[in-house]
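The structure appears right after this line, and notes come after that.
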Amino acid sequence: QVQLVESGGGLVQAGGSLRLSCAASGRTASNYAMGWFRQAPGKEREFVAAISWSDGNRYYADSVKGRFTMPRDNAKNTVYLQLNSLKPEDTGVYYCADSVTYWRDSSVYTTDHAYDYWGQGTQVTVSS
């Protein structure tokens, strides 16, 4: 059973930056991708970013391209979400997800059904 723990959320002014962390533990088998999703109040959860380990592809939602990146630290079993140039519409709960399922078309990892494990979420609030 994989456990994912997110941290790093908080309150920031528009234009500011945050770095979210997602630490994974309990892994007994290889994973194929990790992703970040977010959910704003009253809205459905949406894709933000993902890394596919099998082909090295990185995916970003159009709304965050050029502002967010998803670095990783293999030694620490941790992936990050670097949020720059934040906007009020970036407000929401950010979730880390892990997939132990192989999908040949790695673009599937931009959808939440591709993931097997989820963290508890961390709140990001961007004030205007």
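Identifiers in the structure tokens: chain A, B, ... in order shown; residue index from 1 per chain; ligand index from 1 in order shown.
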What residues in chain A get the DSSP label strand (DSSP E or B)? Please answer as a PyMOL selection string. chain A and resi 3-7+10-13+18-25+33-39+46-52+58-60+68-69+72-73+78-83+92-99+117-118+122-127
Excluding region 83-93 of chain A and its own-chain neighbours fewer than 4 positions away, which residues fall within 9 Å of it when counting only C-alpha atoms? Please give them as a ChimeraX atom specification. /A:9,12-20,37-41,45,64,66-70,121-128
Using the selection just defined, write its residues with N, CA and C atoms as a short mmCIF file (atom, residue, chain, number, x, y, z; two decimals), in the first residue's frame.
data_model
loop_
_atom_site.label_atom_id
_atom_site.label_comp_id
_atom_site.auth_asym_id
_atom_site.auth_seq_id
_atom_site.Cartn_x
_atom_site.Cartn_y
_atom_site.Cartn_z
N GLY A 9 1.37 23.59 1.11
CA GLY A 9 0.31 24.52 0.75
C GLY A 9 0.28 25.71 1.69
N VAL A 12 -1.03 32.67 -0.28
CA VAL A 12 -0.03 33.47 -0.98
C VAL A 12 -0.75 34.53 -1.81
N GLN A 13 -0.10 35.64 -2.02
CA GLN A 13 -0.68 36.69 -2.86
C GLN A 13 -0.50 36.35 -4.33
N ALA A 14 -1.38 36.88 -5.14
CA ALA A 14 -1.27 36.70 -6.59
C ALA A 14 0.11 37.14 -7.05
N GLY A 15 0.69 36.35 -7.94
CA GLY A 15 2.04 36.62 -8.43
C GLY A 15 3.12 35.91 -7.65
N GLY A 16 2.75 35.36 -6.50
CA GLY A 16 3.71 34.68 -5.65
C GLY A 16 3.96 33.25 -6.08
N SER A 17 4.75 32.55 -5.26
CA SER A 17 5.15 31.18 -5.56
C SER A 17 4.97 30.28 -4.35
N LEU A 18 4.78 29.01 -4.61
CA LEU A 18 4.76 27.98 -3.59
C LEU A 18 5.41 26.73 -4.18
N ARG A 19 5.91 25.88 -3.30
CA ARG A 19 6.38 24.58 -3.74
C ARG A 19 5.70 23.51 -2.90
N LEU A 20 4.94 22.67 -3.57
CA LEU A 20 4.29 21.55 -2.90
C LEU A 20 5.18 20.32 -3.00
N PHE A 37 -3.28 16.85 -9.14
CA PHE A 37 -4.61 17.30 -9.51
C PHE A 37 -5.04 18.35 -8.49
N ARG A 38 -6.06 19.12 -8.83
CA ARG A 38 -6.57 20.10 -7.87
C ARG A 38 -8.07 20.18 -7.97
N GLN A 39 -8.67 20.63 -6.88
CA GLN A 39 -10.12 20.79 -6.84
C GLN A 39 -10.46 22.10 -6.17
N ALA A 40 -11.11 22.96 -6.92
CA ALA A 40 -11.57 24.25 -6.39
C ALA A 40 -12.95 24.05 -5.77
N PRO A 41 -13.34 24.92 -4.86
CA PRO A 41 -14.66 24.80 -4.23
C PRO A 41 -15.77 24.79 -5.27
N ARG A 45 -12.61 17.85 -9.65
CA ARG A 45 -11.15 17.73 -9.62
C ARG A 45 -10.62 17.79 -11.05
N VAL A 64 -1.75 25.96 -16.66
CA VAL A 64 -0.58 26.12 -15.80
C VAL A 64 0.74 26.08 -16.57
N GLY A 66 3.98 26.91 -18.39
CA GLY A 66 4.83 28.08 -18.28
C GLY A 66 4.89 28.66 -16.88
N ARG A 67 4.01 28.19 -15.99
CA ARG A 67 4.00 28.69 -14.61
C ARG A 67 4.33 27.60 -13.60
N PHE A 68 3.90 26.39 -13.85
CA PHE A 68 4.11 25.28 -12.92
C PHE A 68 5.11 24.29 -13.53
N THR A 69 5.92 23.70 -12.66
CA THR A 69 6.79 22.60 -13.07
C THR A 69 6.71 21.49 -12.03
N MET A 70 7.17 20.31 -12.43
CA MET A 70 7.05 19.14 -11.55
C MET A 70 8.41 18.45 -11.43
N GLY A 121 -4.27 15.64 0.27
CA GLY A 121 -4.46 16.98 -0.28
C GLY A 121 -3.85 18.06 0.59
N THR A 122 -3.50 19.16 -0.05
CA THR A 122 -2.98 20.32 0.65
C THR A 122 -3.61 21.57 0.04
N GLN A 123 -4.05 22.48 0.90
CA GLN A 123 -4.79 23.65 0.45
C GLN A 123 -3.85 24.75 -0.05
N VAL A 124 -4.18 25.27 -1.22
CA VAL A 124 -3.49 26.44 -1.76
C VAL A 124 -4.53 27.54 -1.94
N THR A 125 -4.27 28.68 -1.34
CA THR A 125 -5.17 29.82 -1.47
C THR A 125 -4.39 31.02 -1.99
N VAL A 126 -4.84 31.56 -3.11
CA VAL A 126 -4.17 32.70 -3.72
C VAL A 126 -5.09 33.91 -3.61
N SER A 127 -4.63 34.93 -2.91
CA SER A 127 -5.44 36.14 -2.73
C SER A 127 -5.10 37.15 -3.83
N SER A 128 -6.11 37.93 -4.18
CA SER A 128 -5.93 38.92 -5.26
C SER A 128 -5.45 40.25 -4.72
#
Within 8 Å of Trp53 (chain A), counting only C-alpha atoms, which residues qualify if same-chain residues fewer than 5 places away don't, as a ChimeraX atom specification? /A:31-33
Residue neighbourhood Asp62 (chain A), 12 Å, only C-alpha atoms, exclusion window fewer than 5 positions, as an MDAnalysis selection string: chainID A and resid 46:49 67:68 110
Would you list the contacts of Cys22 (chain A) as a count of residues only, taking every protein, DNA or RNA residue within 7 Å and counting only C-alpha atoms, but skipping same-chain residues closer than 5 positions in sequence? 8
Interatomic distance, CA of Ser52 (chain A) to CA of Gly35 (chain A) (Å, one decimal):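 That distance, rounded to one decimal, is 8.6 Å.
The closest residue to Val2 (chain A), picked from A:Trp36, A:Trp118, A:Tyr60, A:Tyr95 and counting only C-alpha atoms, is A:Trp118.
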Could you tell me how far CA of Ala114 (chain A) sits from CA of Ala97 (chain A), in Å to one decimal place?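 According to the coordinates, CA of Ala97 (chain A) and CA of Ala114 (chain A) are separated by 9.3 Å.
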Step one, run DSSP on the backbone; step two, keep only residues of chain A assigned to helix (DSSP H, G or I); then write them as a list in words.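 Those in chain A that DSSP calls helix (DSSP H, G or I) are Asn74, Ala75, Lys76, Pro88, Glu89, Asp90, Ser106, Ser107, Val108, Tyr109, Thr110, Asp112, His113 and Ala114 of chain A.
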Excluding Ile51 (chain A) and its own-chain neighbours fewer than 6 positions away, which residues fall within 6 Å of it when counting only C-alpha atoms? Please give them as a ChimeraX atom specification. /A:33-34,57-58
